[in-house]
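A.B. asks: Below is one structure. I have some questions about it.
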Amino acid sequence: MFTVEKSGQGFGASVRGIDLRDELSAETVAALREAWLAHHVLAFPEQDLSDDDLERFTQYFGGFGDDPFIAPIAGRQHVIAISRRADEKAPLFAENWHSDWSFQAQPPAGTCLYGKVIPPVGGDTLFANQHAAFEALPTDKQAFYQSLTAIHSAAGAYAPEGTYGETDQATDRSMTIRPSAEARATHTHPLVRAHPETGRLGFFSTLGYIVGIEGMAQEEAIPLLRELAQWQGREAFQYRHRWEAGTLVMWDNRSVLHCATGGYEGHDRLLHRTTIAAFKAA
Ligand code: SIN
């Protein structure tokens, strides 16, 4: 059986003694799921995975989620490339805190990201534990945030006028992003949610994909969300993942935020990503 070693950073853990090229038994998958729910981010170092392996692993945890606005890699429906060339000048992708696709009606449970080409410096992924962010607040603030419903949308990122919209299409970005007017759709979710599997309360998503608060004027909602976002991403709640080629990381979008970081100019970076669909109770 595999071993789980805590990162020493408050959450996050490494899993060793398992070869993800092998088919996993139901017992092993259940034990990995338990570890994932406990640690929120699991890293599997020293793997040697094909896209078939990555897809098979993803399906053990609930099937594929729907990936809008980013084209899959050639020959695959469910694998996208997070890529950046050494000489690329386009702004970094995903440098803001977010929970993947939180604007969907059924946002994905998790994300798998497999390091293929990793720069010698920089390019860490940061995670922020949203249970810890919520639990560290005084009870009156917790109650206030629990009373709010967040409005989510992908417009700021993927609408034609968004960060990755028409202006971005003119850059030298290596990722194939497909902006669309459909990104302007909105869905609501409680700002503070009980985790669908553990029941633990935490903030779900943050300013960016959250574009407003139901029943609150924008002049009030945006400053409130901005101040909350500062709190949600505080260093005290963070785990910094330093990549190595051959590491697979899976994170729980329901309990953590994440963001990309730079610092690797002049080096290529390539990771393959799959999305784990929303949890359905048996
Ligand atoms: C992502 O948000 O999926 C990208 C994270 C990264 O590039 O580190």
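Here, A, B, ... name the chains of the structure tokens in the order displayed, residue numbers run from 1 inside each chain, and ligands are numbered from 1 in the same displayed order.
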Find the residues around A:Ser180 up to 9 Å (only C-alpha atoms counted), leave out those fewer than 5 positions away in its own chain, and share them as a PyMOL selection string.
C.D. replies: chain A and resi 69+155+158-160+165
A.B. asks: Would you pick out the contacts of A:Phe2 at 7 Å or less, using only C-alpha atoms, so that residues sharing its chain but fewer than 6 positions from it are not included, and give the list as a ChimeraX atom specification?
C.D. replies: /A:15-18
A.B. asks: Since we have the selection now, will you write its residues out, keeping N, CA and C atoms, as a JSON list (two decimals), in the first residue's frame?
C.D. replies:
```
[["chain", "number", "residue", "atom", "x", "y", "z"],
["A", 15, "VAL", "N", 2.22, 11.36, -2.00],
["A", 15, "VAL", "CA", 1.87, 9.95, -1.97],
["A", 15, "VAL", "C", 2.96, 9.18, -2.72],
["A", 16, "ARG", "N", 3.55, 8.20, -2.05],
["A", 16, "ARG", "CA", 4.61, 7.39, -2.67],
["A", 16, "ARG", "C", 4.27, 5.92, -2.56],
["A", 17, "GLY", "N", 5.00, 5.13, -3.34],
["A", 17, "GLY", "CA", 4.79, 3.69, -3.27],
["A", 17, "GLY", "C", 3.61, 3.23, -4.10],
["A", 18, "ILE", "N", 3.26, 3.99, -5.12],
["A", 18, "ILE", "CA", 2.15, 3.62, -6.00],
["A", 18, "ILE", "C", 2.55, 4.01, -7.43]]
```
A.B. asks: Quick check, in Å to one decimal: how far apart do atom 3 (O, counted along the ligand's line) of ligand 1 and atom CA of A:Gln218 lie?
C.D. replies: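 Atom-to-atom, atom 3 (O, counted along the ligand's line) of ligand 1 and atom CA of A:Gln218 are spaced 28.2 Å apart.
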A.B. asks: Name all residues at most 6 Å from A:Pro190 (count only C-alpha atoms; drop same-chain ones fewer than 3 positions away) and give them as a list in words.
C.D. replies: Thr149, Ala150 and Arg193 of chain A
A.B. asks: Write the residues of the selection above to a file with all heavy atoms, as a PDB file, in the first residue's frame.
C.D. replies:
```
ATOM      1  N   THR A 149     -24.970  34.882  -0.807  1.00  0.00           N
ATOM      2  CA  THR A 149     -24.946  34.023  -2.000  1.00  0.00           C
ATOM      3  C   THR A 149     -24.108  34.721  -3.061  1.00  0.00           C
ATOM      4  O   THR A 149     -24.371  35.885  -3.404  1.00  0.00           O
ATOM      5  CB  THR A 149     -26.383  33.793  -2.518  1.00  0.00           C
ATOM      6  OG1 THR A 149     -27.127  33.136  -1.484  1.00  0.00           O
ATOM      7  CG2 THR A 149     -26.393  32.930  -3.769  1.00  0.00           C
ATOM      8  N   ALA A 150     -23.110  34.011  -3.567  1.00  0.00           N
ATOM      9  CA  ALA A 150     -22.181  34.610  -4.544  1.00  0.00           C
ATOM     10  C   ALA A 150     -22.685  34.384  -5.970  1.00  0.00           C
ATOM     11  O   ALA A 150     -23.218  33.323  -6.286  1.00  0.00           O
ATOM     12  CB  ALA A 150     -20.797  33.990  -4.373  1.00  0.00           C
ATOM     13  N   ARG A 193     -19.760  27.239   1.790  1.00  0.00           N
ATOM     14  CA  ARG A 193     -20.470  25.983   1.504  1.00  0.00           C
ATOM     15  C   ARG A 193     -19.974  24.879   2.429  1.00  0.00           C
ATOM     16  O   ARG A 193     -18.808  24.849   2.806  1.00  0.00           O
ATOM     17  CB  ARG A 193     -20.157  25.492   0.079  1.00  0.00           C
ATOM     18  CG  ARG A 193     -20.735  26.259  -1.036  1.00  0.00           C
ATOM     19  CD  ARG A 193     -20.753  25.466  -2.329  1.00  0.00           C
ATOM     20  NE  ARG A 193     -19.557  24.642  -2.564  1.00  0.00           N
ATOM     21  CZ  ARG A 193     -19.358  23.911  -3.657  1.00  0.00           C
ATOM     22  NH1 ARG A 193     -20.261  23.891  -4.616  1.00  0.00           N
ATOM     23  NH2 ARG A 193     -18.260  23.202  -3.797  1.00  0.00           N
TER      24      ARG A 193
END
```
A.B. asks: Considering only strand (DSSP E or B) as DSSP defines it on the backbone, what residues of stretch 43-272 of chain A qualify? List them as JSON, numbers by chain.
C.D. replies: {"A": [43, 44, 64, 70, 80, 81, 82, 83, 84, 98, 110, 111, 112, 113, 114, 115, 116, 117, 125, 126, 127, 128, 129, 149, 150, 151, 152, 153, 177, 186, 187, 188, 189, 190, 192, 193, 194, 201, 202, 203, 207, 210, 211, 212, 213, 238, 239, 240, 241, 248, 249, 250, 251, 252, 256, 257, 258, 259, 260, 269, 270, 271, 272]}
A.B. asks: DSSP on the backbone, helix (DSSP H, G or I) only: what residues of stretch 120-243 of chain A does that give? Format it as a PDB file with N, CA, C and O atoms, in the first residue's frame.
C.D. replies:
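Result file follows (part_36.pdb):
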```pdb
ATOM      1  N   GLN A 130      -9.418  26.935   2.072  1.00  0.00           N
ATOM      2  CA  GLN A 130     -10.580  27.781   2.344  1.00  0.00           C
ATOM      3  C   GLN A 130     -11.401  27.348   3.553  1.00  0.00           C
ATOM      4  O   GLN A 130     -12.270  28.096   4.013  1.00  0.00           O
ATOM      5  N   HIS A 131     -11.132  26.154   4.078  1.00  0.00           N
ATOM      6  CA  HIS A 131     -11.694  25.799   5.383  1.00  0.00           C
ATOM      7  C   HIS A 131     -10.952  26.613   6.448  1.00  0.00           C
ATOM      8  O   HIS A 131     -11.556  27.218   7.316  1.00  0.00           O
ATOM      9  N   ALA A 132      -9.616  26.618   6.325  1.00  0.00           N
ATOM     10  CA  ALA A 132      -8.802  27.351   7.313  1.00  0.00           C
ATOM     11  C   ALA A 132      -9.129  28.836   7.279  1.00  0.00           C
ATOM     12  O   ALA A 132      -9.225  29.483   8.322  1.00  0.00           O
ATOM     13  N   ALA A 133      -9.332  29.379   6.074  1.00  0.00           N
ATOM     14  CA  ALA A 133      -9.631  30.816   5.941  1.00  0.00           C
ATOM     15  C   ALA A 133     -10.944  31.141   6.634  1.00  0.00           C
ATOM     16  O   ALA A 133     -11.076  32.184   7.296  1.00  0.00           O
ATOM     17  N   PHE A 134     -11.920  30.264   6.507  1.00  0.00           N
ATOM     18  CA  PHE A 134     -13.225  30.497   7.138  1.00  0.00           C
ATOM     19  C   PHE A 134     -13.127  30.317   8.646  1.00  0.00           C
ATOM     20  O   PHE A 134     -13.604  31.150   9.425  1.00  0.00           O
ATOM     21  N   GLU A 135     -12.487  29.243   9.060  1.00  0.00           N
ATOM     22  CA  GLU A 135     -12.464  28.903  10.489  1.00  0.00           C
ATOM     23  C   GLU A 135     -11.649  29.899  11.310  1.00  0.00           C
ATOM     24  O   GLU A 135     -11.860  30.024  12.522  1.00  0.00           O
ATOM     25  N   THR A 139     -16.786  34.473  14.962  1.00  0.00           N
ATOM     26  CA  THR A 139     -18.080  33.847  14.627  1.00  0.00           C
ATOM     27  C   THR A 139     -19.071  34.835  14.003  1.00  0.00           C
ATOM     28  O   THR A 139     -19.870  34.439  13.166  1.00  0.00           O
ATOM     29  N   ASP A 140     -19.009  36.123  14.395  1.00  0.00           N
ATOM     30  CA  ASP A 140     -19.974  37.065  13.794  1.00  0.00           C
ATOM     31  C   ASP A 140     -19.668  37.250  12.300  1.00  0.00           C
ATOM     32  O   ASP A 140     -20.584  37.311  11.472  1.00  0.00           O
ATOM     33  N   LYS A 141     -18.392  37.292  11.953  1.00  0.00           N
ATOM     34  CA  LYS A 141     -18.032  37.411  10.521  1.00  0.00           C
ATOM     35  C   LYS A 141     -18.392  36.129   9.777  1.00  0.00           C
ATOM     36  O   LYS A 141     -18.862  36.167   8.637  1.00  0.00           O
ATOM     37  N   GLN A 142     -18.159  34.998  10.424  1.00  0.00           N
ATOM     38  CA  GLN A 142     -18.535  33.727   9.785  1.00  0.00           C
ATOM     39  C   GLN A 142     -20.029  33.726   9.464  1.00  0.00           C
ATOM     40  O   GLN A 142     -20.443  33.362   8.356  1.00  0.00           O
ATOM     41  N   ALA A 143     -20.830  34.164  10.440  1.00  0.00           N
ATOM     42  CA  ALA A 143     -22.297  34.160  10.249  1.00  0.00           C
ATOM     43  C   ALA A 143     -22.680  35.109   9.122  1.00  0.00           C
ATOM     44  O   ALA A 143     -23.552  34.793   8.297  1.00  0.00           O
ATOM     45  N   PHE A 144     -22.018  36.269   9.074  1.00  0.00           N
ATOM     46  CA  PHE A 144     -22.319  37.226   7.998  1.00  0.00           C
ATOM     47  C   PHE A 144     -22.024  36.601   6.637  1.00  0.00           C
ATOM     48  O   PHE A 144     -22.868  36.599   5.743  1.00  0.00           O
ATOM     49  N   TYR A 145     -20.821  36.040   6.478  1.00  0.00           N
ATOM     50  CA  TYR A 145     -20.467  35.466   5.167  1.00  0.00           C
ATOM     51  C   TYR A 145     -21.375  34.279   4.813  1.00  0.00           C
ATOM     52  O   TYR A 145     -21.698  34.064   3.652  1.00  0.00           O
ATOM     53  N   GLN A 146     -21.793  33.548   5.853  1.00  0.00           N
ATOM     54  CA  GLN A 146     -22.689  32.408   5.587  1.00  0.00           C
ATOM     55  C   GLN A 146     -24.049  32.839   5.062  1.00  0.00           C
ATOM     56  O   GLN A 146     -24.769  32.049   4.460  1.00  0.00           O
ATOM     57  N   ALA A 155     -17.078  35.685 -17.230  1.00  0.00           N
ATOM     58  CA  ALA A 155     -16.978  36.816 -18.161  1.00  0.00           C
ATOM     59  C   ALA A 155     -15.638  37.539 -18.075  1.00  0.00           C
ATOM     60  O   ALA A 155     -15.029  37.876 -19.089  1.00  0.00           O
ATOM     61  N   GLY A 156     -15.166  37.778 -16.843  1.00  0.00           N
ATOM     62  CA  GLY A 156     -13.931  38.545 -16.672  1.00  0.00           C
ATOM     63  C   GLY A 156     -12.733  37.862 -17.294  1.00  0.00           C
ATOM     64  O   GLY A 156     -11.733  38.505 -17.645  1.00  0.00           O
ATOM     65  N   ALA A 157     -12.811  36.537 -17.444  1.00  0.00           N
ATOM     66  CA  ALA A 157     -11.695  35.795 -18.028  1.00  0.00           C
ATOM     67  C   ALA A 157     -11.937  35.471 -19.493  1.00  0.00           C
ATOM     68  O   ALA A 157     -11.098  35.773 -20.353  1.00  0.00           O
ATOM     69  N   TYR A 158     -13.093  34.873 -19.824  1.00  0.00           N
ATOM     70  CA  TYR A 158     -13.243  34.213 -21.128  1.00  0.00           C
ATOM     71  C   TYR A 158     -14.268  34.849 -22.063  1.00  0.00           C
ATOM     72  O   TYR A 158     -14.458  34.348 -23.181  1.00  0.00           O
ATOM     73  N   GLU A 166     -10.665  38.830 -26.816  1.00  0.00           N
ATOM     74  CA  GLU A 166     -10.161  39.202 -28.150  1.00  0.00           C
ATOM     75  C   GLU A 166      -8.768  39.836 -28.109  1.00  0.00           C
ATOM     76  O   GLU A 166      -7.931  39.560 -28.964  1.00  0.00           O
ATOM     77  N   THR A 167      -8.508  40.669 -27.110  1.00  0.00           N
ATOM     78  CA  THR A 167      -7.190  41.313 -27.035  1.00  0.00           C
ATOM     79  C   THR A 167      -6.106  40.250 -26.856  1.00  0.00           C
ATOM     80  O   THR A 167      -5.042  40.293 -27.475  1.00  0.00           O
ATOM     81  N   ASP A 168      -6.431  39.264 -26.021  1.00  0.00           N
ATOM     82  CA  ASP A 168      -5.440  38.218 -25.747  1.00  0.00           C
ATOM     83  C   ASP A 168      -5.185  37.340 -26.977  1.00  0.00           C
ATOM     84  O   ASP A 168      -4.084  36.807 -27.143  1.00  0.00           O
ATOM     85  N   GLN A 169      -6.198  37.212 -27.837  1.00  0.00           N
ATOM     86  CA  GLN A 169      -6.025  36.379 -29.046  1.00  0.00           C
ATOM     87  C   GLN A 169      -4.920  36.944 -29.941  1.00  0.00           C
ATOM     88  O   GLN A 169      -4.352  36.233 -30.763  1.00  0.00           O
ATOM     89  N   ALA A 181     -19.001  34.429 -25.951  1.00  0.00           N
ATOM     90  CA  ALA A 181     -20.038  35.218 -25.278  1.00  0.00           C
ATOM     91  C   ALA A 181     -20.738  34.378 -24.208  1.00  0.00           C
ATOM     92  O   ALA A 181     -21.318  34.925 -23.257  1.00  0.00           O
ATOM     93  N   GLU A 182     -20.659  33.051 -24.330  1.00  0.00           N
ATOM     94  CA  GLU A 182     -21.287  32.173 -23.319  1.00  0.00           C
ATOM     95  C   GLU A 182     -20.659  32.357 -21.937  1.00  0.00           C
ATOM     96  O   GLU A 182     -21.251  31.997 -20.921  1.00  0.00           O
ATOM     97  N   ALA A 183     -19.452  32.910 -21.917  1.00  0.00           N
ATOM     98  CA  ALA A 183     -18.783  33.133 -20.624  1.00  0.00           C
ATOM     99  C   ALA A 183     -19.534  34.152 -19.770  1.00  0.00           C
ATOM    100  O   ALA A 183     -19.295  34.255 -18.573  1.00  0.00           O
ATOM    101  N   ARG A 184     -20.448  34.885 -20.381  1.00  0.00           N
ATOM    102  CA  ARG A 184     -21.175  35.919 -19.608  1.00  0.00           C
ATOM    103  C   ARG A 184     -22.298  35.322 -18.757  1.00  0.00           C
ATOM    104  O   ARG A 184     -22.893  36.026 -17.955  1.00  0.00           O
ATOM    105  N   GLN A 218     -23.322  46.543  -6.441  1.00  0.00           N
ATOM    106  CA  GLN A 218     -21.932  46.282  -6.832  1.00  0.00           C
ATOM    107  C   GLN A 218     -20.953  47.165  -6.056  1.00  0.00           C
ATOM    108  O   GLN A 218     -19.849  46.720  -5.725  1.00  0.00           O
ATOM    109  N   GLU A 219     -21.373  48.433  -5.766  1.00  0.00           N
ATOM    110  CA  GLU A 219     -20.460  49.344  -5.044  1.00  0.00           C
ATOM    111  C   GLU A 219     -20.144  48.814  -3.652  1.00  0.00           C
ATOM    112  O   GLU A 219     -19.125  49.160  -3.061  1.00  0.00           O
ATOM    113  N   GLU A 220     -21.050  47.988  -3.106  1.00  0.00           N
ATOM    114  CA  GLU A 220     -20.803  47.402  -1.795  1.00  0.00           C
ATOM    115  C   GLU A 220     -20.138  46.024  -1.946  1.00  0.00           C
ATOM    116  O   GLU A 220     -19.220  45.657  -1.211  1.00  0.00           O
ATOM    117  N   ALA A 221     -20.630  45.267  -2.939  1.00  0.00           N
ATOM    118  CA  ALA A 221     -20.180  43.869  -3.071  1.00  0.00           C
ATOM    119  C   ALA A 221     -18.707  43.764  -3.482  1.00  0.00           C
ATOM    120  O   ALA A 221     -17.962  42.939  -2.936  1.00  0.00           O
ATOM    121  N   ILE A 222     -18.286  44.578  -4.429  1.00  0.00           N
ATOM    122  CA  ILE A 222     -16.921  44.410  -4.954  1.00  0.00           C
ATOM    123  C   ILE A 222     -15.859  44.730  -3.890  1.00  0.00           C
ATOM    124  O   ILE A 222     -14.933  43.922  -3.682  1.00  0.00           O
ATOM    125  N   PRO A 223     -15.985  45.866  -3.157  1.00  0.00           N
ATOM    126  CA  PRO A 223     -14.996  46.090  -2.082  1.00  0.00           C
ATOM    127  C   PRO A 223     -15.015  44.975  -1.030  1.00  0.00           C
ATOM    128  O   PRO A 223     -13.963  44.563  -0.533  1.00  0.00           O
ATOM    129  N   LEU A 224     -16.232  44.474  -0.725  1.00  0.00           N
ATOM    130  CA  LEU A 224     -16.327  43.385   0.265  1.00  0.00           C
ATOM    131  C   LEU A 224     -15.589  42.141  -0.246  1.00  0.00           C
ATOM    132  O   LEU A 224     -14.801  41.512   0.467  1.00  0.00           O
ATOM    133  N   LEU A 225     -15.817  41.814  -1.519  1.00  0.00           N
ATOM    134  CA  LEU A 225     -15.172  40.625  -2.099  1.00  0.00           C
ATOM    135  C   LEU A 225     -13.663  40.820  -2.219  1.00  0.00           C
ATOM    136  O   LEU A 225     -12.883  39.877  -2.056  1.00  0.00           O
ATOM    137  N   ARG A 226     -13.263  42.072  -2.495  1.00  0.00           N
ATOM    138  CA  ARG A 226     -11.824  42.358  -2.628  1.00  0.00           C
ATOM    139  C   ARG A 226     -11.136  42.150  -1.277  1.00  0.00           C
ATOM    140  O   ARG A 226     -10.077  41.531  -1.197  1.00  0.00           O
ATOM    141  N   GLU A 227     -11.769  42.673  -0.220  1.00  0.00           N
ATOM    142  CA  GLU A 227     -11.184  42.525   1.120  1.00  0.00           C
ATOM    143  C   GLU A 227     -11.159  41.039   1.517  1.00  0.00           C
ATOM    144  O   GLU A 227     -10.171  40.541   2.055  1.00  0.00           O
ATOM    145  N   LEU A 228     -12.240  40.339   1.196  1.00  0.00           N
ATOM    146  CA  LEU A 228     -12.298  38.906   1.520  1.00  0.00           C
ATOM    147  C   LEU A 228     -11.217  38.143   0.746  1.00  0.00           C
ATOM    148  O   LEU A 228     -10.572  37.239   1.290  1.00  0.00           O
ATOM    149  N   ALA A 229     -11.013  38.509  -0.518  1.00  0.00           N
ATOM    150  CA  ALA A 229     -10.013  37.808  -1.333  1.00  0.00           C
ATOM    151  C   ALA A 229      -8.615  37.945  -0.723  1.00  0.00           C
ATOM    152  O   ALA A 229      -7.819  37.002  -0.739  1.00  0.00           O
ATOM    153  N   GLN A 230      -8.329  39.127  -0.175  1.00  0.00           N
ATOM    154  CA  GLN A 230      -7.030  39.326   0.507  1.00  0.00           C
ATOM    155  C   GLN A 230      -6.883  38.328   1.646  1.00  0.00           C
ATOM    156  O   GLN A 230      -5.835  37.737   1.856  1.00  0.00           O
ATOM    157  N   TRP A 231      -7.967  38.170   2.392  1.00  0.00           N
ATOM    158  CA  TRP A 231      -7.970  37.243   3.530  1.00  0.00           C
ATOM    159  C   TRP A 231      -7.832  35.799   3.044  1.00  0.00           C
ATOM    160  O   TRP A 231      -7.053  35.004   3.579  1.00  0.00           O
ATOM    161  N   GLN A 232      -8.588  35.440   2.011  1.00  0.00           N
ATOM    162  CA  GLN A 232      -8.609  34.051   1.527  1.00  0.00           C
ATOM    163  C   GLN A 232      -7.240  33.561   1.056  1.00  0.00           C
ATOM    164  O   GLN A 232      -6.936  32.381   1.140  1.00  0.00           O
ATOM    165  N   GLU A 235      -0.904  34.171   3.415  1.00  0.00           N
ATOM    166  CA  GLU A 235       0.176  33.171   3.446  1.00  0.00           C
ATOM    167  C   GLU A 235      -0.088  32.074   4.481  1.00  0.00           C
ATOM    168  O   GLU A 235       0.261  30.909   4.272  1.00  0.00           O
ATOM    169  N   ALA A 236      -0.738  32.458   5.575  1.00  0.00           N
ATOM    170  CA  ALA A 236      -1.004  31.485   6.643  1.00  0.00           C
ATOM    171  C   ALA A 236      -1.852  30.318   6.153  1.00  0.00           C
ATOM    172  O   ALA A 236      -1.830  29.237   6.756  1.00  0.00           O
ATOM    173  N   PHE A 237      -2.607  30.517   5.077  1.00  0.00           N
ATOM    174  CA  PHE A 237      -3.501  29.456   4.581  1.00  0.00           C
ATOM    175  C   PHE A 237      -2.915  28.740   3.366  1.00  0.00           C
ATOM    176  O   PHE A 237      -3.596  27.944   2.733  1.00  0.00           O
TER     177      PHE A 237
END
```
